[in-house]
file my_file_13.pdb (PDB, C-alpha atoms)
ATOM      1  CA  MET Q   1      40.542  -0.837  11.140
ATOM      2  CA  ALA Q   2      37.058  -1.259   9.698
ATOM      3  CA  GLU Q   3      37.300   2.282   8.342
ATOM      4  CA  ALA Q   4      40.553   1.466   6.562
ATOM      5  CA  ALA Q   5      39.028  -1.693   5.097
ATOM      6  CA  ALA Q   6      36.030   0.277   3.847
ATOM      7  CA  HIS Q   7      38.435   2.633   2.082
ATOM      8  CA  HIS Q   8      40.363  -0.123   0.346
ATOM      9  CA  GLU Q   9      37.561  -2.486  -0.774
ATOM     10  CA  SER Q  10      36.138  -0.167  -3.421
ATOM     11  CA  PRO Q  11      37.388   2.789  -5.485
ATOM     12  CA  ILE Q  12      34.542   4.759  -3.906
ATOM     13  CA  PRO Q  13      34.637   4.390  -0.110
ATOM     14  CA  TYR Q  14      31.690   3.364   2.086
ATOM     15  CA  MET Q  15      29.613   1.761  -0.675
ATOM     16  CA  VAL Q  16      28.607  -1.069   1.657
ATOM     17  CA  GLN Q  17      29.471   0.072   5.163
ATOM     18  CA  PRO Q  18      27.708   3.177   6.540
ATOM     19  CA  HIS Q  19      29.747   6.360   6.418
ATOM     20  CA  PRO Q  20      30.672   7.409   9.990
ATOM     21  CA  VAL Q  21      29.328  10.947   9.441
ATOM     22  CA  THR Q  22      26.039  10.302   7.586
ATOM     23  CA  GLY Q  23      25.289   6.867   9.048
ATOM     24  CA  ILE Q  24      24.390   5.494   5.601
ATOM     25  CA  PRO Q  25      26.457   4.205   2.647
ATOM     26  CA  ASN Q  26      27.694   6.840   0.196
ATOM     27  CA  GLY Q  27      25.578   5.475  -2.654
ATOM     28  CA  LYS Q  28      22.372   5.966  -0.678
ATOM     29  CA  PHE Q  29      23.448   9.437   0.380
ATOM     30  CA  GLY Q  30      24.136  10.248  -3.276
ATOM     31  CA  ILE Q  31      20.746   9.044  -4.484
ATOM     32  CA  TRP Q  32      18.985  11.113  -1.811
ATOM     33  CA  LEU Q  33      20.928  14.223  -2.894
ATOM     34  CA  PHE Q  34      19.879  13.490  -6.474
ATOM     35  CA  LEU Q  35      16.245  13.027  -5.417
ATOM     36  CA  ALA Q  36      16.404  16.355  -3.569
ATOM     37  CA  SER Q  37      17.365  18.033  -6.856
ATOM     38  CA  GLU Q  38      14.483  16.195  -8.543
ATOM     39  CA  VAL Q  39      12.068  17.512  -5.917
ATOM     40  CA  MET Q  40      13.207  21.036  -6.836
ATOM     41  CA  LEU Q  41      12.748  20.334 -10.564
ATOM     42  CA  PHE Q  42       9.231  18.912 -10.288
ATOM     43  CA  GLY Q  43       8.400  21.357  -7.475
ATOM     44  CA  ALA Q  44       9.182  24.289  -9.772
ATOM     45  CA  LEU Q  45       6.975  22.848 -12.510
ATOM     46  CA  PHE Q  46       4.135  22.130 -10.083
ATOM     47  CA  SER Q  47       4.391  25.679  -8.731
ATOM     48  CA  SER Q  48       4.195  27.031 -12.283
ATOM     49  CA  TYR Q  49       1.115  24.891 -12.871
ATOM     50  CA  VAL Q  50      -0.584  26.176  -9.712
ATOM     51  CA  LEU Q  51       0.218  29.805 -10.578
ATOM     52  CA  ILE Q  52      -1.010  29.483 -14.174
ATOM     53  CA  ARG Q  53      -4.132  27.627 -13.126
ATOM     54  CA  THR Q  54      -5.130  29.984 -10.311
ATOM     55  CA  GLY Q  55      -4.500  32.972 -12.588
ATOM     56  CA  ALA Q  56      -6.637  31.626 -15.430
ATOM     57  CA  PRO Q  57     -10.270  32.778 -15.739
ATOM     58  CA  HIS Q  58     -11.335  29.244 -16.750
ATOM     59  CA  TRP Q  59      -9.614  25.877 -16.330
ATOM     60  CA  PRO Q  60      -9.124  24.141 -18.650
ATOM     61  CA  PRO Q  61      -8.977  27.191 -20.925
ATOM     62  CA  GLU Q  62     -11.207  25.640 -23.605
ATOM     63  CA  GLY Q  63     -14.004  25.121 -21.040
ATOM     64  CA  GLY Q  64     -15.645  22.072 -19.451
ATOM     65  CA  LEU Q  65     -13.908  19.902 -16.884
ATOM     66  CA  THR Q  66     -10.382  18.501 -16.901
ATOM     67  CA  SER Q  67     -11.780  14.983 -16.596
ATOM     68  CA  GLU Q  68     -13.710  15.511 -19.841
ATOM     69  CA  ILE Q  69     -10.621  16.222 -21.974
ATOM     70  CA  VAL Q  70      -8.270  13.555 -20.603
ATOM     71  CA  ASN Q  71      -8.821   9.811 -20.520
ATOM     72  CA  VAL Q  72      -9.520   9.097 -16.828
ATOM     73  CA  PRO Q  73      -9.821   5.270 -17.180
ATOM     74  CA  LEU Q  74      -6.412   5.081 -18.912
ATOM     75  CA  GLY Q  75      -4.880   7.437 -16.332
ATOM     76  CA  THR Q  76      -6.333   5.289 -13.544
ATOM     77  CA  LEU Q  77      -4.968   2.133 -15.164
ATOM     78  CA  ASN Q  78      -1.538   3.744 -15.438
ATOM     79  CA  THR Q  79      -1.680   4.727 -11.746
ATOM     80  CA  ALA Q  80      -2.450   1.125 -10.804
ATOM     81  CA  VAL Q  81       0.379  -0.089 -13.057
ATOM     82  CA  LEU Q  82       2.914   2.226 -11.409
ATOM     83  CA  ILE Q  83       1.819   1.423  -7.843
ATOM     84  CA  THR Q  84       2.124  -2.283  -8.681
ATOM     85  CA  SER Q  85       5.574  -1.678 -10.166
ATOM     86  CA  SER Q  86       6.710  -0.097  -6.895
ATOM     87  CA  ILE Q  87       5.578  -3.228  -5.086
ATOM     88  CA  THR Q  88       7.472  -5.505  -7.490
ATOM     89  CA  MET Q  89      10.529  -3.240  -7.182
ATOM     90  CA  VAL Q  90      10.591  -3.485  -3.396
ATOM     91  CA  LEU Q  91      10.062  -7.249  -3.632
ATOM     92  CA  SER Q  92      13.111  -7.510  -5.913
ATOM     93  CA  TRP Q  93      15.154  -5.706  -3.246
ATOM     94  CA  ALA Q  94      13.689  -7.908  -0.506
ATOM     95  CA  SER Q  95      14.671 -10.978  -2.561
ATOM     96  CA  CYS Q  96      18.290  -9.751  -2.575
ATOM     97  CA  LYS Q  97      18.097  -9.228   1.188
ATOM     98  CA  MET Q  98      16.914 -12.833   1.534
ATOM     99  CA  GLY Q  99      19.712 -14.086  -0.712
ATOM    100  CA  SER Q 100      17.672 -15.180  -3.734
ATOM    101  CA  LEU Q 101      18.973 -13.960  -7.096
ATOM    102  CA  PRO Q 102      16.359 -15.878  -9.185
ATOM    103  CA  ARG Q 103      13.526 -14.181  -7.269
ATOM    104  CA  PHE Q 104      15.253 -10.822  -7.659
ATOM    105  CA  LYS Q 105      15.338 -11.379 -11.429
ATOM    106  CA  LEU Q 106      11.680 -12.373 -11.514
ATOM    107  CA  TRP Q 107      10.480  -9.281  -9.629
ATOM    108  CA  MET Q 108      12.853  -6.936 -11.450
ATOM    109  CA  ALA Q 109      11.658  -8.258 -14.832
ATOM    110  CA  ALA Q 110       8.081  -7.648 -13.660
ATOM    111  CA  THR Q 111       9.015  -4.075 -12.702
ATOM    112  CA  ILE Q 112      10.520  -3.408 -16.132
ATOM    113  CA  GLY Q 113       7.499  -5.001 -17.813
ATOM    114  CA  LEU Q 114       5.056  -2.821 -15.855
ATOM    115  CA  ALA Q 115       7.099   0.302 -16.635
ATOM    116  CA  SER Q 116       6.908  -0.614 -20.323
ATOM    117  CA  VAL Q 117       3.140  -1.092 -20.052
ATOM    118  CA  PHE Q 118       2.913   2.404 -18.552
ATOM    119  CA  LEU Q 119       4.787   3.871 -21.523
ATOM    120  CA  VAL Q 120       2.647   1.995 -24.061
ATOM    121  CA  ILE Q 121      -0.553   3.324 -22.426
ATOM    122  CA  LYS Q 122       0.965   6.811 -22.386
ATOM    123  CA  TYR Q 123       1.778   6.466 -26.083
ATOM    124  CA  PHE Q 124      -1.883   5.769 -26.872
ATOM    125  CA  GLU Q 125      -2.971   8.739 -24.764
ATOM    126  CA  TYR Q 126      -0.537  11.046 -26.548
ATOM    127  CA  LYS Q 127      -1.486   9.657 -29.982
ATOM    128  CA  HIS Q 128      -5.168  10.310 -29.342
ATOM    129  CA  LYS Q 129      -4.435  13.915 -28.379
ATOM    130  CA  PHE Q 130      -2.164  14.478 -31.378
ATOM    131  CA  ASP Q 131      -4.848  12.991 -33.680
ATOM    132  CA  LEU Q 132      -7.253  15.639 -32.335
ATOM    133  CA  GLY Q 133      -4.664  18.356 -33.027
ATOM    134  CA  HIS Q 134      -4.017  18.931 -29.326
ATOM    135  CA  PHE Q 135      -0.311  19.760 -29.156
ATOM    136  CA  PRO Q 136       1.506  21.607 -26.339
ATOM    137  CA  SER Q 137       0.933  24.851 -28.250
ATOM    138  CA  HIS Q 138      -2.880  24.342 -28.165
ATOM    139  CA  ASP Q 139      -3.403  26.056 -24.789
ATOM    140  CA  ASN Q 140      -1.920  26.323 -21.298
ATOM    141  CA  PHE Q 141      -3.522  23.082 -20.127
ATOM    142  CA  TYR Q 142      -1.911  21.014 -22.878
ATOM    143  CA  ALA Q 143       1.409  22.859 -22.471
ATOM    144  CA  ILE Q 144       1.473  21.860 -18.789
ATOM    145  CA  TYR Q 145       0.059  18.390 -19.438
ATOM    146  CA  PHE Q 146       2.701  17.486 -22.018
ATOM    147  CA  THR Q 147       5.573  19.112 -20.092
ATOM    148  CA  LEU Q 148       4.830  17.356 -16.785
ATOM    149  CA  THR Q 149       3.836  13.962 -18.186
ATOM    150  CA  GLY Q 150       6.626  14.105 -20.801
ATOM    151  CA  LEU Q 151       9.294  14.821 -18.192
ATOM    152  CA  HIS Q 152       7.842  12.094 -16.007
ATOM    153  CA  GLY Q 153       7.902   9.695 -18.978
ATOM    154  CA  LEU Q 154      11.596  10.458 -19.520
ATOM    155  CA  HIS Q 155      12.211   9.533 -15.880
ATOM    156  CA  ILE Q 156      10.376   6.246 -16.454
ATOM    157  CA  ILE Q 157      12.674   5.524 -19.423
ATOM    158  CA  GLY Q 158      15.699   6.320 -17.219
ATOM    159  CA  GLY Q 159      14.421   3.888 -14.590
ATOM    160  CA  ILE Q 160      13.911   1.164 -17.208
ATOM    161  CA  ILE Q 161      17.537   1.592 -18.382
ATOM    162  CA  VAL Q 162      18.939   1.354 -14.829
ATOM    163  CA  ASN Q 163      16.708  -1.584 -13.884
ATOM    164  CA  THR Q 164      17.564  -3.427 -17.108
ATOM    165  CA  PHE Q 165      21.268  -3.009 -16.328
ATOM    166  CA  LEU Q 166      20.732  -4.411 -12.821
ATOM    167  CA  LEU Q 167      18.770  -7.335 -14.259
ATOM    168  CA  THR Q 168      21.397  -8.206 -16.881
ATOM    169  CA  ALA Q 169      25.086  -7.204 -16.814
ATOM    170  CA  GLY Q 170      24.884  -5.526 -13.411
ATOM    171  CA  SER Q 171      23.716  -8.712 -11.676
ATOM    172  CA  LYS Q 172      27.166 -10.275 -12.185
ATOM    173  CA  MET Q 173      28.178  -8.318  -9.078
ATOM    174  CA  TRP Q 174      25.966 -10.700  -7.078
ATOM    175  CA  THR Q 175      28.655 -13.413  -7.255
ATOM    176  CA  THR Q 176      31.496 -11.140  -6.096
ATOM    177  CA  ASP Q 177      29.843  -8.597  -3.786
ATOM    178  CA  PRO Q 178      26.188  -9.391  -3.029
ATOM    179  CA  GLU Q 179      25.847  -6.725  -0.331
ATOM    180  CA  HIS Q 180      27.064  -4.000  -2.670
ATOM    181  CA  PHE Q 181      24.691  -5.259  -5.372
ATOM    182  CA  THR Q 182      21.780  -5.230  -2.896
ATOM    183  CA  ASN Q 183      22.611  -1.603  -2.074
ATOM    184  CA  ARG Q 184      22.544  -0.762  -5.793
ATOM    185  CA  VAL Q 185      19.104  -2.342  -6.116
ATOM    186  CA  GLU Q 186      17.934  -0.352  -3.087
ATOM    187  CA  ASN Q 187      19.180   2.895  -4.643
ATOM    188  CA  ALA Q 188      17.413   2.078  -7.909
ATOM    189  CA  GLY Q 189      14.301   1.305  -5.854
ATOM    190  CA  LEU Q 190      14.473   4.677  -4.093
ATOM    191  CA  TYR Q 191      14.622   6.408  -7.488
ATOM    192  CA  TRP Q 192      11.766   4.286  -8.803
ATOM    193  CA  HIS Q 193       9.592   5.093  -5.793
ATOM    194  CA  PHE Q 194      10.253   8.793  -6.298
ATOM    195  CA  VAL Q 195       9.192   8.584  -9.955
ATOM    196  CA  ASP Q 196       6.018   6.749  -8.930
ATOM    197  CA  LEU Q 197       5.392   9.276  -6.152
ATOM    198  CA  VAL Q 198       5.506  12.092  -8.714
ATOM    199  CA  TRP Q 199       2.788  10.292 -10.682
ATOM    200  CA  ILE Q 200       0.662   9.971  -7.525
ATOM    201  CA  PHE Q 201       0.637  13.794  -7.481
ATOM    202  CA  LEU Q 202       0.349  14.219 -11.260
ATOM    203  CA  PHE Q 203      -2.672  11.947 -11.668
ATOM    204  CA  PRO Q 204      -5.167  13.857  -9.493
ATOM    205  CA  SER Q 205      -3.703  17.235 -10.524
ATOM    206  CA  LEU Q 206      -3.942  16.685 -14.271
ATOM    207  CA  TYR Q 207      -6.753  14.135 -14.629
ATOM    208  CA  LEU Q 208      -9.279  14.710 -11.853
ATOM    209  CA  LEU Q 209      -9.206  18.238 -10.420
TER     210      LEU Q 209
ATOM    211  CA  MET C   1      15.843   6.597   5.000
ATOM    212  CA  SER C   2      15.844   3.068   3.549
ATOM    213  CA  LEU C   3      13.718   1.707   0.747
ATOM    214  CA  LYS C   4      11.621   0.021   3.431
ATOM    215  CA  ALA C   5      10.685   3.355   5.056
ATOM    216  CA  PHE C   6      10.149   5.046   1.694
ATOM    217  CA  HIS C   7       7.940   2.156   0.566
ATOM    218  CA  VAL C   8       5.765   2.393   3.682
ATOM    219  CA  PHE C   9       5.412   6.146   3.044
ATOM    220  CA  PHE C  10       4.596   5.464  -0.611
ATOM    221  CA  VAL C  11       1.957   2.861   0.228
ATOM    222  CA  GLY C  12       0.370   5.293   2.712
ATOM    223  CA  LEU C  13       0.131   7.986   0.040
ATOM    224  CA  SER C  14      -1.202   5.440  -2.454
ATOM    225  CA  VAL C  15      -3.989   4.542  -0.005
ATOM    226  CA  LEU C  16      -4.909   8.235   0.278
ATOM    227  CA  CYS C  17      -4.797   8.531  -3.526
ATOM    228  CA  ALA C  18      -7.070   5.499  -3.944
ATOM    229  CA  LEU C  19      -9.547   6.808  -1.338
ATOM    230  CA  GLY C  20      -9.521  10.262  -2.943
ATOM    231  CA  PHE C  21     -10.074   8.744  -6.353
ATOM    232  CA  GLY C  22     -12.980   6.674  -5.014
ATOM    233  CA  ALA C  23     -14.582   9.805  -3.552
ATOM    234  CA  TRP C  24     -14.017  11.712  -6.810
ATOM    235  CA  ALA C  25     -15.561   8.868  -8.820
ATOM    236  CA  ILE C  26     -18.670   8.736  -6.612
ATOM    237  CA  ALA C  27     -19.097  12.514  -6.967
ATOM    238  CA  ASP C  28     -18.628  12.251 -10.739
ATOM    239  CA  TYR C  29     -21.123   9.376 -10.910
ATOM    240  CA  LEU C  30     -23.723  11.516  -9.107
ATOM    241  CA  ARG C  31     -23.056  14.271 -11.692
ATOM    242  CA  THR C  32     -22.940  12.171 -14.879
ATOM    243  CA  GLY C  33     -24.616   8.856 -14.003
ATOM    244  CA  SER C  34     -21.801   6.994 -15.780
ATOM    245  CA  SER C  35     -21.605   3.372 -14.650
ATOM    246  CA  THR C  36     -17.961   3.173 -15.806
ATOM    247  CA  VAL C  37     -17.023   5.907 -13.346
ATOM    248  CA  LEU C  38     -18.969   4.159 -10.582
ATOM    249  CA  LEU C  39     -17.086   0.932 -11.306
ATOM    250  CA  LEU C  40     -13.766   2.803 -11.193
ATOM    251  CA  GLY C  41     -14.772   4.323  -7.856
ATOM    252  CA  VAL C  42     -15.586   0.929  -6.367
ATOM    253  CA  LEU C  43     -12.247  -0.372  -7.678
ATOM    254  CA  GLY C  44     -10.558   2.642  -6.057
ATOM    255  CA  PHE C  45     -11.978   1.796  -2.630
ATOM    256  CA  ALA C  46     -11.115  -1.877  -3.136
ATOM    257  CA  ALA C  47      -7.554  -0.895  -4.087
ATOM    258  CA  ALA C  48      -7.278   1.219  -0.927
ATOM    259  CA  ALA C  49      -8.333  -1.756   1.214
ATOM    260  CA  ALA C  50      -5.931  -4.069  -0.631
ATOM    261  CA  LEU C  51      -3.056  -1.607  -0.157
ATOM    262  CA  VAL C  52      -3.726  -1.355   3.604
ATOM    263  CA  TRP C  53      -3.595  -5.162   3.826
ATOM    264  CA  TYR C  54      -0.449  -5.224   1.719
ATOM    265  CA  GLY C  55       1.194  -2.530   3.881
ATOM    266  CA  PHE C  56       0.793  -4.611   7.043
ATOM    267  CA  TRP C  57       1.915  -7.774   5.216
ATOM    268  CA  PHE C  58       5.024  -5.935   4.012
ATOM    269  CA  LEU C  59       5.852  -4.675   7.514
ATOM    270  CA  ARG C  60       5.553  -8.214   8.899
ATOM    271  CA  LYS C  61       7.721  -9.636   6.103
ATOM    272  CA  LEU C  62      10.527  -7.087   6.545
ATOM    273  CA  LYS C  63      10.344  -6.604  10.317
ATOM    274  CA  ASN C  64      14.063  -7.400  10.644
ATOM    275  CA  VAL C  65      15.187  -4.808   8.068
ATOM    276  CA  SER C  66      16.275  -1.373   9.316
ATOM    277  CA  TYR C  67      14.356   1.831   8.510
ATOM    278  CA  LEU C  68      17.699   3.567   7.879
TER     279      LEU C  68
END
call {"tool": "encode", "arguments": {"input": "my_file_13.pdb", "output": "C-alpha cells"}}
result
Amino acid sequence: MAEAAAHHESPIPYMVQPHPVTGIPNGKFGIWLFLASEVMLFGALFSSYVLIRTGAPHWPPEGGLTSEIVNVPLGTLNTAVLITSSITMVLSWASCKMGSLPRFKLWMAATIGLASVFLVIKYFEYKHKFDLGHFPSHDNFYAIYFTLTGLHGLHIIGGIIVNTFLLTAGSKMWTTDPEHFTNRVENAGLYWHFVDLVWIFLFPSLYLL
Amino acid sequence: MSLKAFHVFFVGLSVLCALGFGAWAIADYLRTGSSTVLLLGVLGFAAAAALVWYGFWFLRKLKNVSYL
C-alpha cells in the first residue's frame, strides 16, 4: 500500500520514502552515483598531478618552493570560507528539518554569499598570475594549478546555481511538499560538501607541499 | 549516507587539515621567520579547536536525525 502510494505521489518514485532495495530515497541515491563519477574525475586529475610531480626533476619546475609562487594567505582564507560555507549549508538543511523556512533562507543565502566570496578571491589570485604572465602554458605546475582549481571553480558556480534555485523559485515546494524539499536541500548539501572536500585536498597539494 | 554523516566526516577532515596547516606554518616560520606565517599557524590551531567544539555541538543538535 505504502509502495503504491510512493509510486503515485511523484512522477519519479521514492523521492521522499526510502526505496525498498537501497534503503534511501532515489534522489539521494542519484546524487551519490553522481558524486562517485566526480570522485573518478578528480581522482584521475590528482593521479596525473602525482605522476607528473614525482617524475619531475624539480617541483615547481621554475625552482623554489610551491608556497613561494602561490598566495598562501589568500588560499588559507578561501579554505576557511569554504569550510564555513559547509557549516551554513548543513544549518540550512537542519532548519528545514526543524520546520523553519525563514532560517533555511538565511543560512542558504549565507552559503551562496560565501561561495561568491570564494570566487572573488579566486579571481584576484588568477588576475595576479595572469598579470605576471603565468598562464597554464607557462609550465607543468601552472597547467595543473589552473586545471584543478578551474574545474573546482566551475563546480562552485554549479553549486551557486543550484542553491540559488532552492533559495528562490525552488522554495515554493516548501508549501506543498516540505519533506521532498528538505530532501532536495540535503542532496544539494551532499554535493556542496563534496566540492568543499575536493578543496580540502587541493589546498595542501597545490599551496603548501 | 546522510548529510549529517557526511558533515561529521567533513568536519573531521577539516580538523586534520587545520592541524596540518598549523604544523606547516610553524615549520615555515622556523625557515623564514615570517610573522604572518606564524599568525596563520596560530589561527590554524585555533580553527582546529573551534571545529572540534563545533563538531560535538552539531552532534548534540542533530542527535535525533538518522545517519542514513
call {"tool": "interface_residues", "arguments": {"input": "my_file_13.pdb", "of": "chain C", "to": "chain Q", "cutoff": "7 Å", "atoms": "only C-alpha atoms", "output": "PyMOL selection string"}}
result
chain C and resi 3+10+17
call {"tool": "write_last_selection", "arguments": {"input": "my_file_13.pdb", "atoms": "C-alpha atoms", "output": "compact mmCIF listing (two decimals), keeping the file's coordinate frame"}}
result
# COMPACT_ATOMS: atom_id res chain seq x y z
CA LEU C 3 13.72 1.71 0.75
CA PHE C 10 4.60 5.46 -0.61
CA CYS C 17 -4.80 8.53 -3.53
call {"tool": "residues_near_point", "arguments": {"input": "my_file_13.pdb", "point": "(-11.4, -1.4, -5.2)", "cutoff": "12 Å", "atoms": "all atoms listed in the file", "output": "ChimeraX atom specification"}}
result
/Q:76,80 /C:15,18-19,21-23,25,38-52
call {"tool": "atom_distance", "arguments": {"input": "my_file_13.pdb", "atom1": "CA of Gly55 (chain C)", "atom2": "CA of Val8 (chain C)"}}
result
6.7 Å
call {"tool": "atom_distance", "arguments": {"input": "my_file_13.pdb", "atom1": "CA of Leu45 (chain Q)", "atom2": "CA of Leu151 (chain Q)"}}
result
10.1 Å
call {"tool": "atom_distance", "arguments": {"input": "my_file_13.pdb", "atom1": "CA of Glu125 (chain Q)", "atom2": "CA of Gly150 (chain Q)"}}
result
11.7 Å
call {"tool": "closest_residue", "arguments": {"input": "my_file_13.pdb", "among": "Q:Ile31, Q:Ile12, Q:Ile69, Q:Ala36", "to": "Tyr145 (chain Q)", "atoms": "only C-alpha atoms"}}
result
Q:Ile69
